[in-house]
file data.cif (mmCIF, C-alpha atoms (C1' of nucleotides))
data_upload
#
loop_
_atom_site.label_atom_id
_atom_site.label_comp_id
_atom_site.auth_asym_id
_atom_site.auth_seq_id
_atom_site.Cartn_x
_atom_site.Cartn_y
_atom_site.Cartn_z
CA MET T 15 -22.81 -49.83 38.75
CA ALA T 16 -22.96 -46.13 38.09
CA ALA T 17 -20.16 -46.57 35.56
CA LEU T 18 -22.42 -48.82 33.52
CA VAL T 19 -25.24 -46.30 33.55
CA ARG T 20 -22.95 -43.46 32.68
CA SER T 21 -21.18 -45.29 29.90
CA SER T 22 -24.60 -46.04 28.53
CA PHE T 23 -25.36 -42.32 28.59
CA LEU T 24 -22.12 -41.79 26.72
CA VAL T 25 -22.91 -44.33 24.03
CA ASP T 26 -26.37 -42.86 23.61
CA SER T 27 -24.86 -39.44 23.06
CA VAL T 28 -22.51 -40.76 20.41
CA TYR T 29 -25.30 -42.65 18.72
CA ALA T 30 -27.55 -39.60 18.73
CA GLU T 31 -24.89 -37.33 17.30
CA SER T 32 -23.93 -39.80 14.63
CA SER T 33 -27.57 -40.30 13.66
CA ARG T 34 -28.11 -36.62 13.42
CA GLU T 35 -25.28 -36.16 10.98
CA TYR T 36 -26.80 -38.72 8.70
CA GLY T 37 -30.22 -37.11 8.84
CA LEU T 38 -31.58 -39.91 11.00
CA THR T 39 -33.26 -40.01 14.34
CA PRO T 40 -31.63 -42.47 16.73
CA GLN T 41 -34.68 -44.71 16.46
CA GLN T 42 -34.58 -44.75 12.70
CA GLY T 43 -30.85 -45.41 12.82
CA GLN T 44 -31.43 -48.33 15.10
CA LEU T 45 -34.15 -49.70 12.87
CA LEU T 46 -31.82 -49.58 9.90
CA CYS T 47 -29.05 -51.32 11.85
CA VAL T 48 -31.37 -54.11 12.85
CA LEU T 49 -32.38 -54.61 9.23
CA MET T 50 -28.82 -54.78 7.93
CA PRO T 51 -28.49 -58.56 8.07
CA GLN T 52 -31.97 -59.35 6.77
CA PRO T 53 -35.57 -58.17 6.47
CA ARG T 54 -37.84 -58.63 9.48
CA GLY T 55 -41.52 -58.79 10.25
CA MET T 56 -43.19 -56.10 12.33
CA SER T 57 -43.72 -58.34 15.35
CA GLU T 58 -40.15 -59.52 15.18
CA LEU T 59 -38.93 -55.94 15.10
CA GLY T 60 -41.13 -55.07 18.03
CA ALA T 61 -39.49 -57.79 20.08
CA MET T 62 -35.98 -56.82 19.04
CA LEU T 63 -36.39 -53.11 19.62
CA ARG T 64 -38.65 -53.58 22.61
CA LEU T 65 -41.41 -51.47 21.16
CA ALA T 66 -45.18 -51.88 21.22
CA LYS T 67 -46.54 -52.83 17.84
CA SER T 68 -48.34 -49.53 17.45
CA SER T 69 -45.07 -47.68 18.05
CA LEU T 70 -43.43 -49.71 15.35
CA THR T 71 -46.08 -48.94 12.77
CA GLY T 72 -45.30 -45.26 13.14
CA LEU T 73 -41.55 -45.70 13.12
CA VAL T 74 -41.66 -47.81 9.96
CA ASP T 75 -44.11 -45.34 8.40
CA ARG T 76 -41.77 -42.43 8.91
CA THR T 77 -38.70 -44.35 7.83
CA GLU T 78 -40.53 -45.61 4.76
CA ARG T 79 -41.64 -42.08 3.93
CA ASN T 80 -37.96 -41.12 3.97
CA GLY T 81 -37.28 -43.83 1.42
CA LEU T 82 -35.00 -45.93 3.61
CA VAL T 83 -37.10 -49.03 4.11
CA GLN T 84 -40.05 -50.64 2.40
CA ARG T 85 -42.81 -53.01 3.38
CA GLU T 86 -43.01 -56.21 1.37
CA PRO T 87 -45.71 -58.83 1.59
CA ASP T 88 -44.64 -61.99 3.37
CA PRO T 89 -45.06 -64.87 0.89
CA ARG T 90 -45.65 -67.27 3.78
CA ASP T 91 -48.37 -65.31 5.55
CA THR T 92 -50.84 -62.96 3.92
CA ARG T 93 -51.30 -61.01 7.16
CA ALA T 94 -47.65 -60.27 7.69
CA VAL T 95 -45.29 -57.83 6.07
CA ARG T 96 -41.54 -57.89 5.90
CA VAL T 97 -39.65 -54.67 6.37
CA ALA T 98 -36.55 -54.44 4.21
CA LEU T 99 -33.94 -51.81 3.46
CA THR T 100 -34.25 -49.99 0.17
CA ALA T 101 -31.11 -49.56 -1.93
CA HIS T 102 -30.81 -46.06 -0.56
CA GLY T 103 -31.37 -47.22 2.99
CA ALA T 104 -28.79 -49.97 2.67
CA LYS T 105 -26.20 -47.56 1.39
CA LEU T 106 -26.94 -44.99 4.07
CA VAL T 107 -26.92 -47.43 6.95
CA GLU T 108 -23.61 -48.85 5.84
CA GLU T 109 -21.99 -45.45 6.14
CA PHE T 110 -23.85 -44.62 9.32
CA TYR T 111 -22.91 -47.92 10.87
CA ASP T 112 -19.23 -47.57 10.00
CA GLU T 113 -19.07 -44.06 11.33
CA THR T 114 -20.85 -44.98 14.52
CA CYS T 115 -18.54 -47.94 15.09
CA ARG T 116 -15.57 -45.70 14.57
CA ARG T 117 -16.78 -43.21 17.13
CA VAL T 118 -17.79 -45.76 19.70
CA ALA T 119 -14.40 -47.40 19.28
CA GLU T 120 -12.80 -44.08 20.19
CA LEU T 121 -14.50 -43.96 23.55
CA PRO T 122 -12.11 -46.37 25.25
CA GLY T 123 -9.16 -44.67 23.57
CA ASN T 124 -7.38 -44.18 26.84
CA LEU T 125 -7.28 -47.90 27.55
CA SER T 126 -4.52 -50.19 26.36
CA ALA T 127 -5.26 -52.70 23.66
CA ALA T 128 -5.26 -55.49 26.22
CA GLU T 129 -7.68 -53.59 28.42
CA ARG T 130 -9.98 -52.97 25.51
CA ASP T 131 -9.97 -56.67 24.77
CA THR T 132 -10.83 -57.41 28.37
CA LEU T 133 -13.62 -54.87 28.31
CA ALA T 134 -15.01 -56.29 25.10
CA ASP T 135 -14.90 -59.79 26.53
CA LEU T 136 -16.63 -58.84 29.77
CA LEU T 137 -19.32 -56.74 28.11
CA GLY T 138 -19.82 -59.42 25.51
CA ARG T 139 -20.57 -61.92 28.23
CA VAL T 140 -22.92 -59.53 30.02
CA VAL T 141 -24.78 -58.99 26.78
CA LEU T 142 -24.99 -62.68 26.03
CA ALA T 143 -26.22 -63.55 29.52
CA ASN T 144 -28.98 -60.99 29.27
CA GLU T 145 -30.32 -61.98 25.89
CA VAL T 146 -29.86 -58.63 24.25
CA PRO T 147 -31.36 -58.67 20.79
CA ALA T 148 -29.01 -58.24 17.86
CA VAL T 149 -29.60 -54.54 17.62
CA PHE T 150 -26.04 -53.80 16.66
CA LEU T 151 -23.75 -56.51 15.39
CA GLU T 152 -20.02 -56.76 15.13
CA PRO T 153 -18.86 -56.24 11.57
CA ASP T 154 -18.04 -59.96 11.35
CA GLU T 155 -21.23 -61.14 12.99
CA GLY T 156 -23.20 -62.02 9.94
CA VAL T 157 -26.55 -63.49 9.13
CA SER T 158 -25.85 -66.66 11.07
CA ALA T 159 -25.29 -64.78 14.29
CA ALA T 160 -28.37 -62.73 13.58
CA HIS T 161 -30.45 -65.87 13.92
CA GLU T 162 -29.73 -65.98 17.62
CA HIS T 163 -32.86 -66.08 19.65
CA MET U 1 -17.46 -52.17 19.93
CA ALA U 2 -20.84 -53.71 19.35
CA ALA U 3 -20.80 -55.02 22.92
CA LEU U 4 -20.66 -51.47 24.18
CA VAL U 5 -23.62 -50.42 22.05
CA ARG U 6 -25.61 -53.46 23.03
CA SER U 7 -24.88 -53.15 26.71
CA SER U 8 -26.04 -49.57 26.41
CA PHE U 9 -29.27 -50.82 24.91
CA LEU U 10 -29.56 -53.19 27.85
CA VAL U 11 -29.04 -50.48 30.44
CA ASP U 12 -31.55 -48.26 28.69
CA SER U 13 -34.13 -51.04 28.86
CA VAL U 14 -33.56 -51.52 32.57
CA TYR U 15 -33.72 -47.80 33.20
CA ALA U 16 -36.92 -47.47 31.20
CA GLU U 17 -38.61 -50.34 32.96
CA SER U 18 -37.58 -49.12 36.36
CA SER U 19 -38.80 -45.60 35.58
CA ARG U 20 -42.10 -46.91 34.42
CA GLU U 21 -42.73 -48.75 37.64
CA TYR U 22 -42.24 -45.56 39.59
CA GLY U 23 -44.57 -43.61 37.35
CA LEU U 24 -41.70 -41.74 35.75
CA THR U 25 -40.55 -41.28 32.22
CA PRO U 26 -36.86 -42.11 31.76
CA GLN U 27 -36.14 -38.42 31.21
CA GLN U 28 -37.90 -37.36 34.36
CA GLY U 29 -36.11 -40.12 36.27
CA GLN U 30 -32.81 -38.88 34.94
CA LEU U 31 -33.64 -35.31 35.91
CA LEU U 32 -34.41 -36.41 39.45
CA CYS U 33 -31.17 -38.39 39.68
CA VAL U 34 -29.15 -35.40 38.58
CA LEU U 35 -30.80 -33.26 41.23
CA MET U 36 -30.15 -35.71 44.05
CA PRO U 37 -26.89 -34.15 45.21
CA GLN U 38 -28.00 -30.55 44.88
CA PRO U 39 -30.27 -28.10 43.05
CA ARG U 40 -29.16 -26.89 39.62
CA GLY U 41 -29.86 -24.03 37.29
CA MET U 42 -31.58 -24.60 33.96
CA SER U 43 -28.48 -23.95 31.89
CA GLU U 44 -26.45 -26.22 34.08
CA LEU U 45 -29.02 -28.97 33.67
CA GLY U 46 -29.02 -28.44 29.92
CA ALA U 47 -25.29 -29.05 29.83
CA MET U 48 -25.45 -32.10 32.06
CA LEU U 49 -28.33 -33.77 30.28
CA ARG U 50 -27.22 -32.54 26.86
CA LEU U 51 -30.53 -30.90 26.12
CA ALA U 52 -31.38 -27.63 24.40
CA LYS U 53 -32.70 -25.08 26.84
CA SER U 54 -36.15 -25.12 25.31
CA SER U 55 -36.29 -28.89 25.80
CA LEU U 56 -35.41 -28.45 29.43
CA THR U 57 -38.14 -25.91 30.06
CA GLY U 58 -40.71 -28.48 29.03
CA LEU U 59 -39.16 -31.32 30.99
CA VAL U 60 -38.99 -29.25 34.17
CA ASP U 61 -42.55 -28.01 33.54
CA ARG U 62 -43.91 -31.53 33.38
CA THR U 63 -41.89 -32.77 36.32
CA GLU U 64 -42.93 -29.76 38.35
CA ARG U 65 -46.56 -30.35 37.45
CA ASN U 66 -46.14 -33.85 38.88
CA GLY U 67 -44.95 -32.32 42.13
CA LEU U 68 -41.45 -33.79 42.02
CA VAL U 69 -39.33 -30.67 41.54
CA GLN U 70 -39.83 -26.97 42.04
CA ARG U 71 -38.30 -23.82 40.63
CA GLU U 72 -36.75 -21.48 43.14
CA PRO U 73 -35.36 -18.00 42.47
CA ASP U 74 -31.58 -17.83 42.47
CA PRO U 75 -30.57 -15.35 45.18
CA ARG U 76 -27.40 -14.53 43.22
CA ASP U 77 -29.02 -13.78 39.90
CA THR U 78 -32.53 -12.47 39.37
CA ARG U 79 -32.70 -13.98 35.89
CA ALA U 80 -31.86 -17.49 36.96
CA VAL U 81 -33.86 -20.18 38.67
CA ARG U 82 -32.68 -23.16 40.62
CA VAL U 83 -34.47 -26.45 40.15
CA ALA U 84 -34.70 -28.48 43.35
CA LEU U 85 -36.37 -31.69 44.42
CA THR U 86 -39.54 -31.39 46.45
CA ALA U 87 -39.87 -33.56 49.55
CA HIS U 88 -41.97 -35.94 47.51
CA GLY U 89 -39.49 -35.94 44.65
CA ALA U 90 -36.59 -36.60 46.99
CA LYS U 91 -38.34 -39.55 48.54
CA LEU U 92 -39.37 -40.98 45.21
CA VAL U 93 -36.00 -40.65 43.57
CA GLU U 94 -34.31 -42.32 46.49
CA GLU U 95 -36.42 -45.42 46.00
CA PHE U 96 -36.15 -45.24 42.23
CA TYR U 97 -32.41 -44.83 42.39
CA ASP U 98 -31.95 -47.77 44.76
CA GLU U 99 -34.12 -50.01 42.69
CA THR U 100 -32.41 -49.04 39.46
CA CYS U 101 -28.99 -49.64 40.98
CA ARG U 102 -30.10 -53.03 42.17
CA ARG U 103 -31.29 -54.01 38.72
CA VAL U 104 -28.29 -52.69 36.89
CA ALA U 105 -26.08 -54.51 39.34
CA GLU U 106 -27.82 -57.74 38.38
CA LEU U 107 -26.87 -57.40 34.74
CA PRO U 108 -23.30 -58.66 35.20
CA GLY U 109 -24.55 -61.41 37.50
CA ASN U 110 -22.80 -64.06 35.51
CA LEU U 111 -19.41 -62.52 36.07
CA SER U 112 -17.23 -63.29 39.05
CA ALA U 113 -16.71 -60.63 41.69
CA ALA U 114 -13.20 -59.99 40.39
CA GLU U 115 -14.47 -59.62 36.85
CA ARG U 116 -17.12 -57.19 37.96
CA ASP U 117 -14.44 -55.14 39.69
CA THR U 118 -12.39 -55.14 36.52
CA LEU U 119 -15.39 -54.10 34.49
CA ALA U 120 -16.21 -51.29 36.90
CA ASP U 121 -12.64 -50.07 36.79
CA LEU U 122 -12.41 -50.10 33.01
CA LEU U 123 -15.79 -48.45 32.46
CA GLY U 124 -15.03 -45.93 35.16
CA ARG U 125 -11.91 -44.91 33.29
CA VAL U 126 -13.76 -44.70 29.98
CA VAL U 127 -16.36 -42.49 31.60
CA LEU U 128 -13.77 -40.25 33.21
CA ALA U 129 -11.80 -39.85 30.00
CA ASN U 130 -14.89 -38.80 28.12
CA GLU U 131 -16.16 -36.21 30.55
CA VAL U 132 -19.51 -37.76 31.15
CA PRO U 133 -21.63 -35.49 33.32
CA ALA U 134 -22.61 -36.79 36.74
CA VAL U 135 -25.94 -38.04 35.56
CA PHE U 136 -25.85 -41.04 37.82
CA LEU U 137 -23.51 -41.21 40.75
CA GLU U 138 -22.21 -44.05 42.86
CA PRO U 139 -23.98 -44.15 46.20
CA ASP U 140 -20.80 -42.91 47.87
CA GLU U 141 -20.07 -40.23 45.30
CA GLY U 142 -21.34 -37.20 47.09
CA VAL U 143 -21.57 -33.52 46.49
CA SER U 144 -17.85 -33.11 46.04
CA ALA U 145 -17.74 -35.49 43.11
CA ALA U 146 -20.83 -33.82 41.72
CA HIS U 147 -18.80 -30.68 41.24
CA GLU U 148 -16.84 -32.37 38.52
CA HIS U 149 -16.83 -30.42 35.32
"C1'" DC C 23 -26.79 4.58 29.66
"C1'" DC C 24 -25.66 1.99 25.76
"C1'" DG C 25 -24.57 -2.43 24.01
"C1'" DC C 26 -23.96 -7.03 24.38
"C1'" DA C 27 -24.04 -11.40 26.74
"C1'" DT C 28 -26.60 -14.58 29.60
"C1'" DA C 29 -30.90 -17.04 31.71
"C1'" DG C 30 -35.21 -18.70 30.67
"C1'" DT C 31 -39.68 -18.96 28.37
"C1'" DT C 32 -42.85 -19.27 24.45
"C1'" DC C 33 -44.30 -21.06 20.15
"C1'" DG C 34 -44.76 -24.11 16.34
"C1'" DT C 35 -43.37 -28.45 14.49
"C1'" DC C 36 -42.12 -33.02 14.22
"C1'" DA C 37 -40.81 -37.59 16.27
"C1'" DC C 38 -41.97 -41.19 19.56
"C1'" DA C 39 -44.36 -44.29 22.54
"C1'" DC C 40 -48.33 -46.32 24.31
"C1'" DG C 41 -53.08 -48.61 25.02
"C1'" DA C 42 -57.46 -49.64 23.16
"C1'" DA C 43 -60.09 -50.71 19.42
"C1'" DT C 44 -60.22 -52.58 14.70
"C1'" DT C 45 -59.47 -55.48 10.46
"C1'" DA C 46 -58.02 -59.45 8.43
"C1'" DT C 47 -55.83 -63.84 7.97
"C1'" DG C 48 -54.19 -68.42 9.90
"C1'" DG C 49 -55.05 -72.65 12.16
"C1'" DG C 50 -57.11 -76.01 15.08
"C1'" DC C 51 -60.91 -78.74 16.37
"C1'" DG C 52 -65.39 -80.55 16.56
"C1'" DC Q 4 -66.93 -77.39 6.49
"C1'" DG Q 5 -67.55 -73.75 9.92
"C1'" DC Q 6 -66.66 -71.78 14.30
"C1'" DC Q 7 -63.45 -69.83 17.44
"C1'" DC Q 8 -59.48 -68.07 18.91
"C1'" DA Q 9 -54.78 -66.55 18.17
"C1'" DT Q 10 -51.77 -63.73 15.53
"C1'" DA Q 11 -50.19 -59.68 12.28
"C1'" DA Q 12 -50.68 -55.23 11.65
"C1'" DT Q 13 -53.05 -50.64 11.45
"C1'" DT Q 14 -55.71 -46.71 13.19
"C1'" DC Q 15 -56.73 -43.32 16.58
"C1'" DG Q 16 -56.19 -40.33 20.46
"C1'" DT Q 17 -53.11 -38.68 23.99
"C1'" DG Q 18 -49.12 -37.30 26.28
"C1'" DT Q 19 -44.02 -36.79 26.20
"C1'" DG Q 20 -39.86 -35.26 24.22
"C1'" DA Q 21 -36.65 -32.51 21.37
"C1'" DC Q 22 -35.49 -28.70 18.65
"C1'" DG Q 23 -34.75 -23.85 16.53
"C1'" DA Q 24 -36.21 -19.25 16.31
"C1'" DA Q 25 -37.99 -15.44 18.42
"C1'" DC Q 26 -38.69 -13.07 22.66
"C1'" DT Q 27 -38.25 -10.96 27.61
"C1'" DA Q 28 -35.59 -9.61 31.17
"C1'" DT Q 29 -31.61 -9.10 33.92
"C1'" DG Q 30 -26.45 -8.64 34.49
"C1'" DC Q 31 -22.34 -6.23 33.26
"C1'" DG Q 32 -18.59 -3.67 30.99
"C1'" DG Q 33 -17.30 0.57 29.22
#
call {"tool": "encode", "arguments": {"input": "data.cif", "output": "structure tokens"}}
result
Amino acid sequence: MAALVRSSFLVDSVYAESSREYGLTPQQGQLLCVLMPQPRGMSELGAMLRLAKSSLTGLVDRTERNGLVQREPDPRDTRAVRVALTAHGAKLVEEFYDETCRRVAELPGNLSAAERDTLADLLGRVVLANEVPAVFLEPDEGVSAAHEH
Amino acid sequence: MAALVRSSFLVDSVYAESSREYGLTPQQGQLLCVLMPQPRGMSELGAMLRLAKSSLTGLVDRTERNGLVQREPDPRDTRAVRVALTAHGAKLVEEFYDETCRRVAELPGNLSAAERDTLADLLGRVVLANEVPAVFLEPDEGVSAAHEH
DNA sequence: CCGCATAGTTCGTCACACGAATTATGGGCG
DNA sequence: CGCCCATAATTCGTGTGACGAACTATGCGG
């Protein structure tokens, strides 16, 4: 499936370019997207983004320093923290997310509407079958969908 | 197209894991894959991998230090170098490539053969329409296809 | 032979990712 | 209650990766 690998390369390029224009690194952009539906704990984020916990500490540090997220104490567990978007981060990620969606949606511009639907269906099933974390949700996939596990 | 973004995340994960098992970073693995059909100049590689030239110098340095590629003088142009696989690099990338293909091919395992064909066709057309460099070729896409521009 | 473009490298800086070691809290069990 | 272990997260050191700016050197057109 070279086409799969190469389309992935394509999406990465779009994501990187879009991030750049919003002053984000791709990793920080992805972190913000994951936090859109709700705050998350560090361990939870590590599992979703497939990062070692020590990697996450640094990523959250840098993103926090930029004023886009903040650590909050978890009322349930004194050891844990919850990472949440700041007002600024929420506003920024909304624009970033919209713009990125728009650009990704342009990629299959040469396909007919029916073909795009087919593609979306097939990829959606591939994603579901492989338990991909909710790193990037459809606009209408809300908090409920984000609870998938 | 969240499915597209998420499937990209999925492919990246597979690529990263596969690279790791062969003692490669994903970037070095990608470099080796690009060099499979033929040697390339630095500028050419920069365009294909979408990297700044200074980034490429470092990547080739590290990969060369690992004994996987080597710089050769370009007989046509004294300024230029050609980056080629070493014997060791060629052997390694062959195994890495096969294994990565195998794993990527497993991702749509829940689809029927016909659906996989459809998916390959649609993604292939998306890739073609967006001028994705030949960063990862089909096993039967040889040197001729690698000349695409 | 001048001037400009092209091919690569060097340098400094920051982001990222990881493992190992560390701190601190939670929870179970005797 | 107190011990022990699991879990949540951070710190630290190291190597990789990416970039822009500045630089060297060769090609090439007039």
call {"tool": "atom_distance", "arguments": {"input": "data.cif", "atom1": "atom CA of Arg50 of chain U", "atom2": "atom CA of Tyr29 of chain T"}}
result
13.1 Å
call {"tool": "closest_residue", "arguments": {"input": "data.cif", "among": "U:Glu21, U:Arg76, U:Val81, U:Val11", "to": "Leu45 of chain U", "atoms": "all atoms listed in the file"}}
result
U:Val81
call {"tool": "closest_residue", "arguments": {"input": "data.cif", "among": "C:DC51, C:DC33, C:DA43, C:DC26", "to": "DC26 of chain Q", "atoms": "all atoms listed in the file"}}
result
C:DC33
call {"tool": "closest_atom_pairs", "arguments": {"input": "data.cif", "of": "chain C", "to": "chain T", "cutoff": "8 Å", "atoms": "all atoms listed in the file", "output": "JSON lines"}}
result
{"residue": "C:DC38", "atom": "C1'", "partner": "T:Ser69", "partner_atom": "CA", "distance": 7.3}
{"residue": "C:DA39", "atom": "C1'", "partner": "T:Ser69", "partner_atom": "CA", "distance": 5.7}
{"residue": "C:DC40", "atom": "C1'", "partner": "T:Ala66", "partner_atom": "CA", "distance": 7.1}
{"residue": "C:DA46", "atom": "C1'", "partner": "T:Arg93", "partner_atom": "CA", "distance": 7.0}
{"residue": "C:DT47", "atom": "C1'", "partner": "T:Arg93", "partner_atom": "CA", "distance": 5.4}
{"residue": "C:DG48", "atom": "C1'", "partner": "T:Asp91", "partner_atom": "CA", "distance": 7.9}
call {"tool": "resolve_selection", "arguments": {"input": "data.cif", "expression": "the PyMOL selection byres ((chain Q) within 8 of (chain U))", "output": "list of chain:residue names"}}
result
Q:DG20, Q:DA21, Q:DC22, Q:DA28, Q:DT29, Q:DG30
call {"tool": "calpha_fit_and_write", "arguments": {"input": "data.cif", "fixed": "chain U", "moving": "chain T", "output": "compact mmCIF listing (two decimals) with C-alpha atoms, in the frame of the given file"}}
result
# COMPACT_ATOMS: atom_id res chain seq x y z
CA MET T 15 -17.49 -52.14 19.93
CA ALA T 16 -20.88 -53.66 19.31
CA ALA T 17 -20.82 -54.99 22.87
CA LEU T 18 -20.69 -51.42 24.14
CA VAL T 19 -23.65 -50.38 22.03
CA ARG T 20 -25.64 -53.40 23.00
CA SER T 21 -24.90 -53.12 26.69
CA SER T 22 -26.05 -49.55 26.41
CA PHE T 23 -29.31 -50.80 24.90
CA LEU T 24 -29.58 -53.16 27.83
CA VAL T 25 -29.05 -50.46 30.43
CA ASP T 26 -31.57 -48.24 28.70
CA SER T 27 -34.14 -51.01 28.86
CA VAL T 28 -33.57 -51.49 32.57
CA TYR T 29 -33.74 -47.78 33.19
CA ALA T 30 -36.95 -47.46 31.21
CA GLU T 31 -38.63 -50.34 32.99
CA SER T 32 -37.58 -49.11 36.39
CA SER T 33 -38.81 -45.60 35.60
CA ARG T 34 -42.10 -46.92 34.46
CA GLU T 35 -42.73 -48.74 37.69
CA TYR T 36 -42.22 -45.56 39.61
CA GLY T 37 -44.58 -43.60 37.38
CA LEU T 38 -41.70 -41.74 35.78
CA THR T 39 -40.56 -41.30 32.24
CA PRO T 40 -36.88 -42.11 31.77
CA GLN T 41 -36.17 -38.43 31.20
CA GLN T 42 -37.90 -37.39 34.37
CA GLY T 43 -36.10 -40.14 36.24
CA GLN T 44 -32.81 -38.89 34.94
CA LEU T 45 -33.64 -35.33 35.90
CA LEU T 46 -34.40 -36.42 39.43
CA CYS T 47 -31.16 -38.40 39.65
CA VAL T 48 -29.15 -35.41 38.54
CA LEU T 49 -30.80 -33.27 41.20
CA MET T 50 -30.13 -35.72 44.03
CA PRO T 51 -26.87 -34.15 45.19
CA GLN T 52 -27.97 -30.54 44.84
CA PRO T 53 -30.24 -28.09 43.02
CA ARG T 54 -29.16 -26.89 39.58
CA GLY T 55 -29.86 -24.03 37.23
CA MET T 56 -31.60 -24.61 33.92
CA SER T 57 -28.50 -23.96 31.83
CA GLU T 58 -26.46 -26.24 34.02
CA LEU T 59 -29.03 -28.99 33.61
CA GLY T 60 -29.05 -28.48 29.88
CA ALA T 61 -25.31 -29.08 29.77
CA MET T 62 -25.47 -32.12 32.02
CA LEU T 63 -28.35 -33.80 30.25
CA ARG T 64 -27.27 -32.59 26.83
CA LEU T 65 -30.58 -30.96 26.09
CA ALA T 66 -31.44 -27.69 24.37
CA LYS T 67 -32.72 -25.12 26.80
CA SER T 68 -36.18 -25.17 25.28
CA SER T 69 -36.35 -28.93 25.80
CA LEU T 70 -35.45 -28.47 29.42
CA THR T 71 -38.17 -25.93 30.06
CA GLY T 72 -40.74 -28.50 29.04
CA LEU T 73 -39.18 -31.34 30.98
CA VAL T 74 -39.00 -29.28 34.16
CA ASP T 75 -42.56 -28.04 33.55
CA ARG T 76 -43.94 -31.55 33.39
CA THR T 77 -41.89 -32.79 36.31
CA GLU T 78 -42.92 -29.76 38.35
CA ARG T 79 -46.56 -30.36 37.47
CA ASN T 80 -46.13 -33.86 38.91
CA GLY T 81 -44.92 -32.32 42.14
CA LEU T 82 -41.42 -33.79 42.04
CA VAL T 83 -39.33 -30.68 41.54
CA GLN T 84 -39.79 -26.97 42.02
CA ARG T 85 -38.28 -23.83 40.60
CA GLU T 86 -36.69 -21.48 43.11
CA PRO T 87 -35.32 -18.04 42.41
CA ASP T 88 -31.54 -17.87 42.39
CA PRO T 89 -30.51 -15.37 45.09
CA ARG T 90 -27.36 -14.55 43.13
CA ASP T 91 -28.99 -13.82 39.78
CA THR T 92 -32.49 -12.49 39.26
CA ARG T 93 -32.68 -14.03 35.78
CA ALA T 94 -31.85 -17.54 36.87
CA VAL T 95 -33.86 -20.20 38.61
CA ARG T 96 -32.68 -23.18 40.56
CA VAL T 97 -34.47 -26.46 40.12
CA ALA T 98 -34.69 -28.48 43.32
CA LEU T 99 -36.35 -31.69 44.41
CA THR T 100 -39.51 -31.37 46.44
CA ALA T 101 -39.85 -33.54 49.55
CA HIS T 102 -41.95 -35.92 47.53
CA GLY T 103 -39.49 -35.93 44.67
CA ALA T 104 -36.56 -36.58 46.97
CA LYS T 105 -38.31 -39.52 48.56
CA LEU T 106 -39.36 -40.97 45.23
CA VAL T 107 -35.99 -40.63 43.57
CA GLU T 108 -34.29 -42.30 46.49
CA GLU T 109 -36.39 -45.40 46.01
CA PHE T 110 -36.15 -45.22 42.25
CA TYR T 111 -32.41 -44.81 42.39
CA ASP T 112 -31.93 -47.74 44.76
CA GLU T 113 -34.10 -50.00 42.70
CA THR T 114 -32.40 -49.03 39.48
CA CYS T 115 -28.97 -49.61 40.99
CA ARG T 116 -30.08 -53.00 42.17
CA ARG T 117 -31.28 -54.00 38.74
CA VAL T 118 -28.30 -52.66 36.88
CA ALA T 119 -26.06 -54.50 39.33
CA GLU T 120 -27.82 -57.72 38.36
CA LEU T 121 -26.86 -57.38 34.73
CA PRO T 122 -23.31 -58.63 35.18
CA GLY T 123 -24.55 -61.39 37.48
CA ASN T 124 -22.81 -64.05 35.47
CA LEU T 125 -19.40 -62.50 36.03
CA SER T 126 -17.20 -63.27 39.01
CA ALA T 127 -16.69 -60.62 41.64
CA ALA T 128 -13.18 -59.99 40.34
CA GLU T 129 -14.47 -59.60 36.81
CA ARG T 130 -17.11 -57.18 37.93
CA ASP T 131 -14.44 -55.13 39.64
CA THR T 132 -12.39 -55.12 36.47
CA LEU T 133 -15.39 -54.08 34.44
CA ALA T 134 -16.22 -51.30 36.85
CA ASP T 135 -12.64 -50.07 36.76
CA LEU T 136 -12.43 -50.08 32.97
CA LEU T 137 -15.81 -48.44 32.44
CA GLY T 138 -15.02 -45.94 35.14
CA ARG T 139 -11.92 -44.88 33.28
CA VAL T 140 -13.78 -44.68 29.97
CA VAL T 141 -16.37 -42.47 31.60
CA LEU T 142 -13.79 -40.25 33.21
CA ALA T 143 -11.80 -39.84 29.99
CA ASN T 144 -14.91 -38.78 28.13
CA GLU T 145 -16.15 -36.20 30.58
CA VAL T 146 -19.52 -37.76 31.16
CA PRO T 147 -21.63 -35.49 33.32
CA ALA T 148 -22.62 -36.76 36.74
CA VAL T 149 -25.95 -38.05 35.57
CA PHE T 150 -25.86 -41.04 37.84
CA LEU T 151 -23.51 -41.19 40.79
CA GLU T 152 -22.22 -44.04 42.85
CA PRO T 153 -23.98 -44.20 46.20
CA ASP T 154 -20.78 -42.96 47.87
CA GLU T 155 -20.06 -40.25 45.34
CA GLY T 156 -21.44 -37.31 47.19
CA VAL T 157 -21.71 -33.61 46.69
CA SER T 158 -17.97 -33.18 46.36
CA ALA T 159 -17.78 -35.51 43.41
CA ALA T 160 -20.79 -33.80 41.92
CA HIS T 161 -18.74 -30.65 41.57
CA GLU T 162 -16.65 -32.27 38.89
CA HIS T 163 -16.61 -30.26 35.74
call {"tool": "resolve_selection", "arguments": {"input": "data.cif", "expression": "the PyMOL selection byres ((chain Q and resi 8) around 12)", "output": "mmCIF file with C-alpha atoms (C1' of nucleotides), in the frame of the given file"}}
result
data_model
loop_
_atom_site.group_PDB
_atom_site.id
_atom_site.type_symbol
_atom_site.label_atom_id
_atom_site.label_comp_id
_atom_site.auth_asym_id
_atom_site.auth_seq_id
_atom_site.Cartn_x
_atom_site.Cartn_y
_atom_site.Cartn_z
ATOM 1 C "C1'" DG C 48 -54.190 -68.420 9.900
ATOM 2 C "C1'" DG C 49 -55.050 -72.650 12.160
ATOM 3 C "C1'" DG C 50 -57.110 -76.010 15.080
ATOM 4 C "C1'" DC C 51 -60.910 -78.740 16.370
ATOM 5 C "C1'" DC Q 6 -66.660 -71.780 14.300
ATOM 6 C "C1'" DC Q 7 -63.450 -69.830 17.440
ATOM 7 C "C1'" DA Q 9 -54.780 -66.550 18.170
ATOM 8 C "C1'" DT Q 10 -51.770 -63.730 15.530
#
